[in-house]
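Listing of my_file38.cif, mmCIF, C-alpha atoms
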data_run
loop_
_atom_site.label_atom_id
_atom_site.label_comp_id
_atom_site.auth_asym_id
_atom_site.auth_seq_id
_atom_site.Cartn_x
_atom_site.Cartn_y
_atom_site.Cartn_z
CA MET A 271 291.95 185.52 313.80
CA GLN A 272 294.89 187.85 313.10
CA PHE A 273 293.90 190.37 310.47
CA ARG A 274 295.71 193.55 311.33
CA ASP A 275 298.25 195.00 308.91
CA LEU A 276 299.07 198.51 310.11
CA GLU A 277 301.05 199.51 307.02
CA LEU A 278 298.31 198.35 304.63
CA ASP A 279 295.61 200.07 306.73
CA GLU A 280 297.49 203.38 306.43
CA LEU A 281 297.99 202.94 302.69
CA LEU A 282 294.32 202.07 302.04
CA SER A 283 293.20 204.98 304.22
CA ARG A 284 295.30 207.38 302.09
CA VAL A 285 294.01 205.88 298.81
CA LEU A 286 290.37 206.23 299.90
CA ARG A 287 290.76 209.76 301.24
CA LEU A 288 292.78 211.08 298.28
CA GLY A 289 290.65 209.41 295.59
CA SER A 290 287.34 210.57 297.02
CA MET A 291 288.54 214.12 297.63
CA ILE A 292 289.97 214.55 294.11
CA GLY A 293 286.84 212.99 292.58
CA LEU A 294 284.43 215.14 294.58
CA PHE A 295 286.49 218.30 293.98
CA LEU A 296 286.39 217.74 290.21
CA ALA A 297 282.67 216.95 290.33
CA PHE A 298 281.99 220.13 292.30
CA VAL A 299 284.08 222.31 289.93
CA GLY A 300 282.23 220.75 287.00
CA VAL A 301 278.83 221.45 288.61
CA VAL A 302 279.76 225.10 289.23
CA LEU A 303 280.94 225.53 285.61
CA LEU A 304 277.85 223.71 284.33
CA VAL A 305 275.48 225.96 286.27
CA TRP A 306 277.46 229.03 285.16
CA GLN A 307 276.84 228.00 281.54
CA ALA A 308 273.24 226.98 282.30
CA GLY A 309 271.88 229.57 279.89
CA ARG A 310 273.47 227.68 277.00
CA VAL A 311 272.64 224.08 277.83
CA SER A 312 269.21 222.57 278.21
CA ASN A 313 268.31 220.52 281.29
CA PRO A 314 268.32 217.03 279.69
CA GLU A 315 271.79 217.71 278.24
CA MET A 316 273.07 218.63 281.69
CA ALA A 317 272.12 215.16 282.89
CA MET A 318 273.79 212.98 280.31
CA ALA A 319 277.14 211.27 280.66
CA TYR A 320 279.44 211.01 277.64
CA PRO A 321 280.32 207.50 276.41
CA LEU A 322 283.81 206.67 277.70
CA ASN A 323 285.40 206.89 274.23
CA LYS A 324 284.17 210.50 273.83
CA LEU A 325 285.17 211.61 277.31
CA PRO A 326 288.86 212.49 276.56
CA GLY A 327 287.84 214.79 273.66
CA ALA A 328 285.24 216.52 275.82
CA LEU A 329 287.80 216.95 278.60
CA LEU A 330 290.26 218.54 276.16
CA ARG A 331 287.52 221.07 275.30
CA CYS A 332 287.11 221.70 279.08
CA ASP A 333 283.44 220.70 278.81
CA PRO A 334 281.96 221.07 282.35
CA ARG A 335 279.79 217.96 281.89
CA ALA A 336 282.92 215.93 281.14
CA ILE A 337 284.61 217.35 284.25
CA VAL A 338 281.63 216.27 286.42
CA GLU A 339 281.72 212.86 284.78
CA LEU A 340 285.48 212.46 285.33
CA GLY A 341 285.02 213.42 288.99
CA LEU A 342 282.23 210.88 289.53
CA LEU A 343 284.18 208.16 287.68
CA LEU A 344 287.24 208.85 289.87
CA LEU A 345 285.02 208.64 292.95
CA LEU A 346 283.53 205.33 291.80
CA ALA A 347 286.97 203.97 290.93
CA THR A 348 288.39 204.76 294.38
CA PRO A 349 287.04 201.72 296.34
CA ALA A 350 287.99 199.48 293.39
CA VAL A 351 291.54 200.89 293.46
CA ALA A 352 291.63 200.18 297.22
CA VAL A 353 290.67 196.55 296.51
CA LEU A 354 293.42 196.35 293.83
CA VAL A 355 296.00 197.79 296.24
CA ALA A 356 294.90 195.30 298.92
CA SER A 357 295.21 192.40 296.47
CA CYS A 358 298.75 193.43 295.44
CA ALA A 359 299.83 194.09 299.04
CA TYR A 360 298.59 190.68 300.26
CA ALA A 361 300.29 188.98 297.27
CA GLN A 362 303.56 190.77 298.11
CA ARG A 363 303.26 189.36 301.67
CA LYS A 364 302.52 185.89 300.20
CA ASN A 365 299.14 186.00 301.97
CA TRP A 366 297.41 184.34 299.06
CA ARG A 367 293.85 183.83 300.35
CA PRO A 368 292.84 187.52 300.80
CA SER A 369 294.86 188.41 297.69
CA PHE A 370 292.83 185.91 295.65
CA MET A 371 289.53 187.08 297.21
CA ALA A 372 290.36 190.68 296.29
CA ALA A 373 291.26 189.68 292.72
CA VAL A 374 287.95 187.81 292.29
CA LEU A 375 286.11 190.79 293.79
CA LEU A 376 287.75 193.11 291.24
CA LEU A 377 286.72 190.74 288.46
CA ILE A 378 283.06 190.87 289.63
CA LEU A 379 283.24 194.68 289.78
CA LEU A 380 284.70 194.87 286.27
CA LEU A 381 282.10 192.45 284.89
CA GLY A 382 279.32 194.51 286.50
CA ALA A 383 280.72 197.78 285.11
CA PHE A 384 281.81 196.75 281.63
CA GLY A 385 279.62 193.69 281.05
CA ARG A 386 276.83 196.04 279.92
CA GLY A 387 279.05 198.46 278.04
CA LEU A 388 279.91 201.26 280.49
CA MET B 41 263.24 225.86 288.89
CA SER B 42 266.52 227.45 287.75
CA SER B 43 269.70 225.37 287.66
CA VAL B 44 271.32 227.43 290.42
CA VAL B 45 268.37 226.94 292.81
CA LEU B 46 268.16 223.24 291.94
CA VAL B 47 271.88 222.68 292.64
CA LEU B 48 271.71 224.63 295.91
CA MET B 49 268.68 222.62 297.05
CA LEU B 50 270.37 219.34 296.09
CA LEU B 51 273.55 220.34 297.95
CA LEU B 52 271.40 221.19 300.99
CA THR B 53 269.56 217.86 300.72
CA GLY B 54 272.90 216.05 300.66
CA LEU B 55 274.24 218.14 303.53
CA VAL B 56 271.23 217.35 305.75
CA SER B 57 271.19 213.65 304.76
CA GLY B 58 274.92 213.27 305.40
CA SER B 59 274.72 215.05 308.76
CA LEU B 60 271.71 213.00 309.90
CA GLY B 61 273.36 209.79 308.71
CA ALA B 62 276.54 210.55 310.66
CA LEU B 63 274.59 211.56 313.77
CA LEU B 64 272.45 208.42 313.74
CA GLY B 65 275.14 206.00 312.54
CA LEU B 66 273.30 205.36 309.25
CA GLY B 67 274.23 205.90 305.62
CA GLY B 68 272.49 208.84 303.97
CA GLY B 69 270.62 206.60 301.51
CA VAL B 70 267.52 206.21 303.67
CA PHE B 71 267.06 209.99 303.49
CA ILE B 72 268.33 210.71 299.95
CA VAL B 73 266.06 208.39 297.95
CA PRO B 74 262.80 209.60 299.61
CA ALA B 75 263.90 213.25 299.29
CA LEU B 76 264.76 212.94 295.60
CA THR B 77 261.59 211.02 294.71
CA LEU B 78 258.97 212.57 297.01
CA LEU B 79 260.21 216.18 297.17
CA PHE B 80 262.07 216.68 293.87
CA HIS B 81 259.99 214.14 291.87
CA PHE B 82 263.00 212.52 290.20
CA SER B 83 262.46 208.98 288.91
CA ALA B 84 263.35 206.03 291.15
CA PRO B 85 266.42 205.02 289.04
CA VAL B 86 267.83 208.59 289.14
CA ALA B 87 267.27 208.76 292.92
CA VAL B 88 268.76 205.30 293.53
CA SER B 89 271.83 205.91 291.35
CA SER B 90 272.49 209.31 292.98
CA SER B 91 272.14 207.73 296.40
CA LEU B 92 274.58 204.94 295.51
CA ILE B 93 277.19 207.47 294.36
CA ALA B 94 276.68 209.44 297.59
CA VAL B 95 277.10 206.20 299.57
CA VAL B 96 280.49 205.67 297.86
CA ALA B 97 281.53 209.19 298.92
CA THR B 98 280.55 208.74 302.59
CA SER B 99 282.00 205.23 302.71
CA CYS B 100 285.40 206.47 301.44
CA GLY B 101 285.52 209.19 304.12
CA ALA B 102 284.33 207.01 307.00
CA SER B 103 286.33 203.90 306.13
CA ALA B 104 289.52 205.98 305.71
CA ASN B 105 289.06 207.03 309.36
CA TYR B 106 288.31 203.48 310.55
CA LEU B 107 291.35 202.10 308.69
CA ARG B 108 293.55 204.68 310.36
CA GLN B 109 292.21 203.43 313.72
CA HIS B 110 292.99 199.82 312.58
CA LEU B 111 289.42 198.64 313.28
CA THR B 112 288.65 197.29 309.79
CA ASN B 113 289.03 193.55 309.20
CA MET B 114 290.14 193.62 305.54
CA PRO B 115 290.34 189.83 304.91
CA LEU B 116 286.79 189.50 306.28
CA ALA B 117 285.57 192.47 304.21
CA LEU B 118 287.12 191.06 301.01
CA THR B 119 285.59 187.63 301.58
CA LEU B 120 282.08 188.85 302.43
CA GLU B 121 282.21 191.35 299.57
CA LEU B 122 282.26 188.49 297.06
CA SER B 123 278.63 187.65 297.82
CA THR B 124 277.66 191.26 298.57
CA THR B 125 279.00 192.61 295.27
CA ALA B 126 277.42 189.78 293.30
CA GLY B 127 274.15 190.61 295.13
CA ALA B 128 274.50 194.30 294.26
CA VAL B 129 275.03 193.53 290.56
CA ALA B 130 271.97 191.24 290.62
CA GLY B 131 269.94 193.88 292.50
CA GLY B 132 270.96 196.61 290.05
CA LEU B 133 269.98 194.44 287.08
CA ALA B 134 266.70 193.40 288.76
CA ALA B 135 265.81 197.05 289.42
CA GLY B 136 265.78 197.64 285.67
CA LEU B 137 263.23 194.86 285.21
CA VAL B 138 260.74 195.51 288.03
CA SER B 139 258.21 198.33 288.30
CA HIS B 140 259.28 201.49 290.16
CA ASP B 141 256.32 200.87 292.48
CA VAL B 142 258.00 197.68 293.72
CA ILE B 143 261.13 199.68 294.54
CA PHE B 144 259.07 202.24 296.49
CA VAL B 145 257.33 199.50 298.52
CA LEU B 146 260.59 197.63 299.25
CA PHE B 147 262.23 200.89 300.24
CA GLY B 148 259.36 201.63 302.61
CA LEU B 149 259.86 198.24 304.27
CA ILE B 150 263.62 198.84 304.63
CA VAL B 151 262.97 202.25 306.20
CA PHE B 152 260.61 200.59 308.72
CA PHE B 153 263.32 198.00 309.49
CA THR B 154 265.88 200.79 309.97
CA ALA B 155 263.56 202.54 312.45
CA TYR B 156 263.04 199.23 314.28
CA SER B 157 266.85 198.66 314.42
CA MET B 158 267.36 202.11 315.92
CA LEU B 159 264.75 201.47 318.61
CA ARG B 160 266.20 198.01 319.32
CA SER B 161 269.70 199.46 319.74
CA VAL B 162 268.33 201.83 322.40
CA ALA B 163 266.77 198.88 324.24
CA GLN B 164 270.00 196.84 323.94
CA ALA B 165 272.14 199.72 325.20
CA ALA B 166 269.89 199.96 328.25
CA SER B 167 270.09 196.23 329.03
CA SER B 168 273.76 195.40 328.12
CA SER B 169 276.26 195.11 330.94
CA PRO B 170 279.40 197.28 330.90
CA GLU B 171 281.46 194.08 331.35
CA SER B 172 280.44 192.56 328.01
CA GLY B 173 281.29 195.85 326.29
CA ASP B 174 284.72 195.86 327.93
CA GLN B 175 285.37 192.26 326.84
CA MET B 176 284.48 193.12 323.23
CA SER B 177 286.69 196.23 323.26
CA THR B 178 289.58 194.13 324.53
CA ALA B 179 288.96 191.57 321.78
CA VAL B 180 289.13 194.31 319.11
CA ALA B 181 292.25 195.85 320.68
CA ASN B 182 294.00 192.47 320.90
CA ASP B 183 292.89 191.38 317.46
CA SER B 184 291.75 188.14 319.11
CA TYR B 185 288.13 187.47 318.16
CA GLN B 186 287.01 184.39 316.25
CA VAL B 187 284.88 184.60 313.10
CA HIS B 188 282.23 181.88 312.69
CA SER B 189 279.01 181.10 310.76
CA TRP B 190 280.50 182.07 307.39
CA THR B 191 277.53 180.61 305.49
CA ALA B 192 275.01 182.78 307.34
CA GLY B 193 277.31 185.79 306.97
CA LEU B 194 277.78 185.31 303.23
CA GLY B 195 274.04 184.76 302.72
CA LEU B 196 272.93 187.80 304.71
CA THR B 197 275.54 190.14 303.25
CA GLY B 198 274.57 188.89 299.77
CA LEU B 199 270.99 189.91 300.58
CA ALA B 200 272.26 193.28 301.82
CA GLY B 201 274.08 193.74 298.49
CA MET B 202 270.94 192.95 296.53
CA LEU B 203 268.93 195.50 298.54
CA SER B 204 271.72 198.03 298.03
CA GLY B 205 271.73 197.58 294.25
CA MET B 206 267.93 197.80 294.05
CA LEU B 207 267.23 200.55 296.55
CA GLY B 208 270.35 202.74 296.65
CA ILE B 209 271.14 202.18 300.32
CA GLY B 210 274.51 201.19 301.76
CA GLY B 211 273.08 198.08 303.38
CA GLY B 212 274.94 198.57 306.66
CA VAL B 213 271.63 198.14 308.45
CA VAL B 214 271.77 194.44 307.42
CA LYS B 215 275.57 193.90 307.28
CA VAL B 216 276.43 195.12 310.77
CA PRO B 217 273.82 192.94 312.58
CA ALA B 218 274.80 189.97 310.35
CA MET B 219 278.46 190.27 311.38
CA TYR B 220 277.73 191.13 315.01
CA LEU B 221 274.91 188.70 315.77
CA PHE B 222 275.75 185.74 313.49
CA MET B 223 279.52 185.86 312.94
CA GLY B 224 280.71 186.95 316.39
CA ILE B 225 282.47 190.14 315.21
CA PRO B 226 282.67 192.85 317.90
CA LEU B 227 280.34 195.75 317.11
CA ARG B 228 283.08 198.35 316.51
CA ALA B 229 284.97 196.04 314.13
CA ALA B 230 281.69 195.08 312.39
CA THR B 231 280.80 198.76 311.91
CA ALA B 232 284.28 199.59 310.55
CA THR B 233 284.35 196.56 308.24
CA SER B 234 280.82 197.29 306.98
CA SER B 235 281.83 200.90 306.35
CA PHE B 236 284.47 199.78 303.82
CA MET B 237 282.16 197.14 302.35
CA VAL B 238 279.25 199.49 301.60
CA GLY B 239 281.47 201.60 299.33
CA VAL B 240 282.53 198.62 297.22
CA THR B 241 278.94 197.35 297.11
CA ALA B 242 277.63 200.76 296.04
CA VAL B 243 280.23 200.94 293.22
CA ALA B 244 278.91 197.63 291.87
CA GLY B 245 275.30 198.87 291.99
CA ALA B 246 276.09 202.34 290.62
CA SER B 247 278.00 200.95 287.63
CA ILE B 248 274.89 199.04 286.53
CA TYR B 249 272.78 202.22 286.67
CA TRP B 250 275.55 204.14 284.84
CA ALA B 251 275.63 201.57 282.06
CA ARG B 252 271.84 201.83 281.71
CA GLY B 253 272.04 205.65 281.39
CA ASP B 254 270.16 206.23 284.65
CA VAL B 255 272.77 208.53 286.24
CA HIS B 256 271.84 212.23 286.25
CA LEU B 257 275.27 213.90 286.48
CA LEU B 258 274.09 217.17 288.04
CA VAL B 259 271.92 215.48 290.68
CA ALA B 260 274.45 212.77 291.53
CA ALA B 261 277.39 215.19 291.83
CA SER B 262 275.49 217.80 293.86
CA VAL B 263 274.08 215.25 296.32
CA ALA B 264 277.42 213.41 296.67
CA VAL B 265 279.32 216.63 297.47
CA GLY B 266 276.61 217.69 299.96
CA VAL B 267 276.55 214.31 301.70
CA TYR B 268 280.35 214.12 301.98
CA VAL B 269 280.61 217.63 303.44
CA GLY B 270 277.62 217.03 305.78
CA ALA B 271 278.95 213.72 307.08
CA SER B 272 282.48 215.13 307.55
CA LEU B 273 281.25 218.22 309.43
CA ALA B 274 278.83 216.23 311.60
CA SER B 275 281.41 213.60 312.57
CA ARG B 276 283.99 216.31 313.36
CA TYR B 277 281.89 218.86 315.22
CA LEU B 278 278.81 217.04 316.49
CA ARG B 279 278.50 214.07 318.77
CA ARG B 280 276.68 210.91 317.77
CA VAL B 281 273.11 211.02 319.08
CA HIS B 282 272.54 208.71 322.04
CA ASN B 283 269.69 210.69 323.53
CA ARG B 284 266.67 208.40 323.69
CA PHE B 285 264.13 211.10 322.94
CA LEU B 286 265.97 212.18 319.76
CA ILE B 287 266.31 208.58 318.58
CA TYR B 288 262.56 208.06 319.12
CA LEU B 289 261.96 211.28 317.19
CA PHE B 290 264.16 210.21 314.24
CA ALA B 291 262.58 206.74 314.27
CA ALA B 292 259.17 208.45 314.01
CA VAL B 293 260.47 210.53 311.07
CA LEU B 294 261.68 207.33 309.37
CA VAL B 295 258.28 205.68 309.90
CA PHE B 296 256.64 208.76 308.33
CA VAL B 297 259.05 208.54 305.35
CA GLY B 298 258.40 204.79 305.07
CA ILE B 299 254.63 205.33 305.02
CA ASN B 300 255.00 207.90 302.24
CA MET B 301 257.23 205.61 300.18
CA MET B 302 254.69 202.78 300.59
CA LYS B 303 251.89 205.18 299.72
CA ALA B 304 253.70 206.23 296.52
CA GLY B 305 254.35 202.60 295.59
CA LEU B 306 250.81 201.42 296.30
CA HIS B 307 249.19 204.59 294.84
CA LEU B 308 247.21 205.23 298.01
CA ASN B 309 245.49 208.58 298.52
CA LEU B 310 246.41 209.24 302.15
CA PRO B 311 247.55 212.58 303.58
CA GLY B 312 251.35 213.06 303.66
CA ILE B 313 254.25 214.40 301.65
CA GLY B 314 254.58 213.94 297.94
CA GLY B 315 250.81 214.13 297.17
#

How does this structure look as structure tokens?
Amino acid sequence: MQFRDLELDELLSRVLRLGSMIGLFLAFVGVVLLVWQAGRVSNPEMAMAYPLNKLPGALLRCDPRAIVELGLLLLLATPAVAVLVASCAYAQRKNWRPSFMAAVLLLILLLGAFGRGL
Amino acid sequence: MSSVVLVLMLLLTGLVSGSLGALLGLGGGVFIVPALTLLFHFSAPVAVSSSLIAVVATSCGASANYLRQHLTNMPLALTLELSTTAGAVAGGLAAGLVSHDVIFVLFGLIVFFTAYSMLRSVAQAASSSPESGDQMSTAVANDSYQVHSWTAGLGLTGLAGMLSGMLGIGGGVVKVPAMYLFMGIPLRAATATSSFMVGVTAVAGASIYWARGDVHLLVAASVAVGVYVGASLASRYLRRVHNRFLIYLFAAVLVFVGINMMKAGLHLNLPGIGG
């Protein structure tokens, strides 16, 4: 079975590394800011994620909780973005089977995430 | 406990879990969930969701390295992930319906299985011939191995996904043996492929917990950062543990953790951590 695609491997490696590092950096900055403001927020509030439609407004206010949430969402999106990149890359190479598998996989991920109203 | 102390302790928990996971070739989930439930007394859903997010972080780091070494079989990963991700979604949904005690008991059983797998790998390493290892390495280098038993592979990785979604573990402890023993994938390629798969699986599980409001942002972020840093430092500066005595010691620690998880799930009054 020939599976190796050196160019795609490099691309996916960069996507995974960059996405996870940006996500974790934002989450860490948000945690530091959140703890710094700990005197003003109660513990249960520190735990809660904003609904997605309220996240942009909270980010514009530089709300630390929103920054943590954005970081974690970026982290969670990273493997899904890698699957999307793989699907497009295989389609570009007319390697339809793995491209189709990746597309179906993305669909399952999206149904899992948004099927219950994330 | 003040927020600063809590965050520092969570970062430390992640750091230790990530380092141990990297040293032993495991994900950090088997350490994170017991630590968050038995030591910090967070609820099972909060512990499981935090662990899943940490698994995504470690998977991204590790699989980026494996991809750079061209060890990951992406078409295989994408195919097996169909059943694994569906399993993780089902497991995440099921976790919201069953009692937390069931999750504790299942987790205890998985921890016992992980300890058994570690001990078995020591026995296999002692009995395997250098020739078979060389043949497998050549197969990986030449990209020339054959994949078979797809049905068994899809079934077992689907089960691994379900366990991941329910218990917050990566599921590599099931996926790697499934690919290696049943599908004929060389161990290094199976490990690399599983490393990418566990991240995708954990995203599926974590999104269910997120939608249910079970993600504690402060806990999840602190543990994920700690695990990522711990795993990166350990893989860069420390060597993977092959010493038999240390593996026996860590297996004993896992058995102790497993007993305490079972004890919490079955409400037994035996001496141990977590009261």

Practice task
Carefully work through the PyMOL selection byres ((chain A) within 8 of (chain B)) for this structure and note down the residues it includes, as a VMD selection string.
Solution key: chain A and resid 271 to 274 276 279 to 280 282 to 284 286 to 287 290 294 297 to 298 301 305 308 316 to 319 335 338 to 339 342 345 to 350 353 368 371 to 372 374 to 375 378 to 379 382 to 384 386 to 388

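CA of Ala135 in chain B is found 20.8 Å from CA of Val297 in chain B.
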
Exercise for the section: Within 9 Å of range 55-68 of chain B, counting all atoms listed in the file, which residues show up once you throw out same-chain ones fewer than 5 positions away? Write them as a ChimeraX atom specification, please. Expected result: /B:50,73,91,94-95,98-99,154,158,209-213,263-275,278-282,287,290

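Interatomic distance, CA of Val138 in chain B against CA of Ala87 in chain B: 15.6 Å.
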
Problem - Hits of the PyMOL selection byres ((chain B and resi 203) around 9) in this structure, as a list in words - result: Gly127, Ala128, Gly131, Gly132, Leu146, Phe147, Ile150, Gly198, Leu199, Ala200, Gly201, Met202, Ser204, Gly205, Met206, Leu207, Gly208, Ile209, Gly210 and Gly211 of chain B

Practice task
Report the distance between CA of Thr197 in chain B and CA of Val295 in chain B in Å, rounded to one decimal place.
Solution key: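 Separating CA of Thr197 in chain B from CA of Val295 in chain B is a distance of 24.2 Å.
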
Exercise for the section: For the file shown, report as a PyMOL selection string the outcome of the PyMOL selection byres ((chain B and resi 218-220) around 10) at residue level. Expected result: chain B and resi 116+120+187-190+192-197+200+212-217+221-231+233-234

Exercise for the section: Between B:Leu76, B:Leu289, B:Ile299, B:Val88, single out the one closest to Gly136 in chain B, counting all atoms listed in the file. Expected result: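 Of B:Leu76, B:Leu289, B:Ile299, B:Val88, the one nearest Gly136 in chain B, counting all atoms listed in the file, is B:Val88.
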
Exercise for the section: With a distance cut-off of 12 Å and only C-alpha atoms, select the neighbouring residues of Met302 in chain B, excluding the residue or stretch itself and same-chain residues fewer than 4 positions from it, and output the selection as a PyMOL selection string. Expected result: chain B and resi 74+78+140-152+295-298+306-310+312-314

Go ahead and dump the residues you just picked, C-alpha atoms, as a tab-separated table (two decimals), in the coordinates of the input.
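Contents of result27.tsv, as written:
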chain	number	residue	atom	x	y	z
B	74	PRO	CA	262.80	209.60	299.61
B	78	LEU	CA	258.97	212.57	297.01
B	140	HIS	CA	259.28	201.49	290.16
B	141	ASP	CA	256.32	200.87	292.48
B	142	VAL	CA	258.00	197.68	293.72
B	143	ILE	CA	261.13	199.68	294.54
B	144	PHE	CA	259.07	202.24	296.49
B	145	VAL	CA	257.33	199.50	298.52
B	146	LEU	CA	260.59	197.63	299.25
B	147	PHE	CA	262.23	200.89	300.24
B	148	GLY	CA	259.36	201.63	302.61
B	149	LEU	CA	259.86	198.24	304.27
B	150	ILE	CA	263.62	198.84	304.63
B	151	VAL	CA	262.97	202.25	306.20
B	152	PHE	CA	260.61	200.59	308.72
B	295	VAL	CA	258.28	205.68	309.90
B	296	PHE	CA	256.64	208.76	308.33
B	297	VAL	CA	259.05	208.54	305.35
B	298	GLY	CA	258.40	204.79	305.07
B	306	LEU	CA	250.81	201.42	296.30
B	307	HIS	CA	249.19	204.59	294.84
B	308	LEU	CA	247.21	205.23	298.01
B	309	ASN	CA	245.49	208.58	298.52
B	310	LEU	CA	246.41	209.24	302.15
B	312	GLY	CA	251.35	213.06	303.66
B	313	ILE	CA	254.25	214.40	301.65
B	314	GLY	CA	254.58	213.94	297.94

Once 3 Å is added on each side, what are the centre and the three edge lengths, in Å to one decimal, of the axis-aligned box enclosing the listed atoms of range 280-298 of chain A? Present them as AutoDock Vina command-line options.
--center_x 290.0 --center_y 211.1 --center_z 298.3 --size_x 22.0 --size_y 24.1 --size_z 22.2
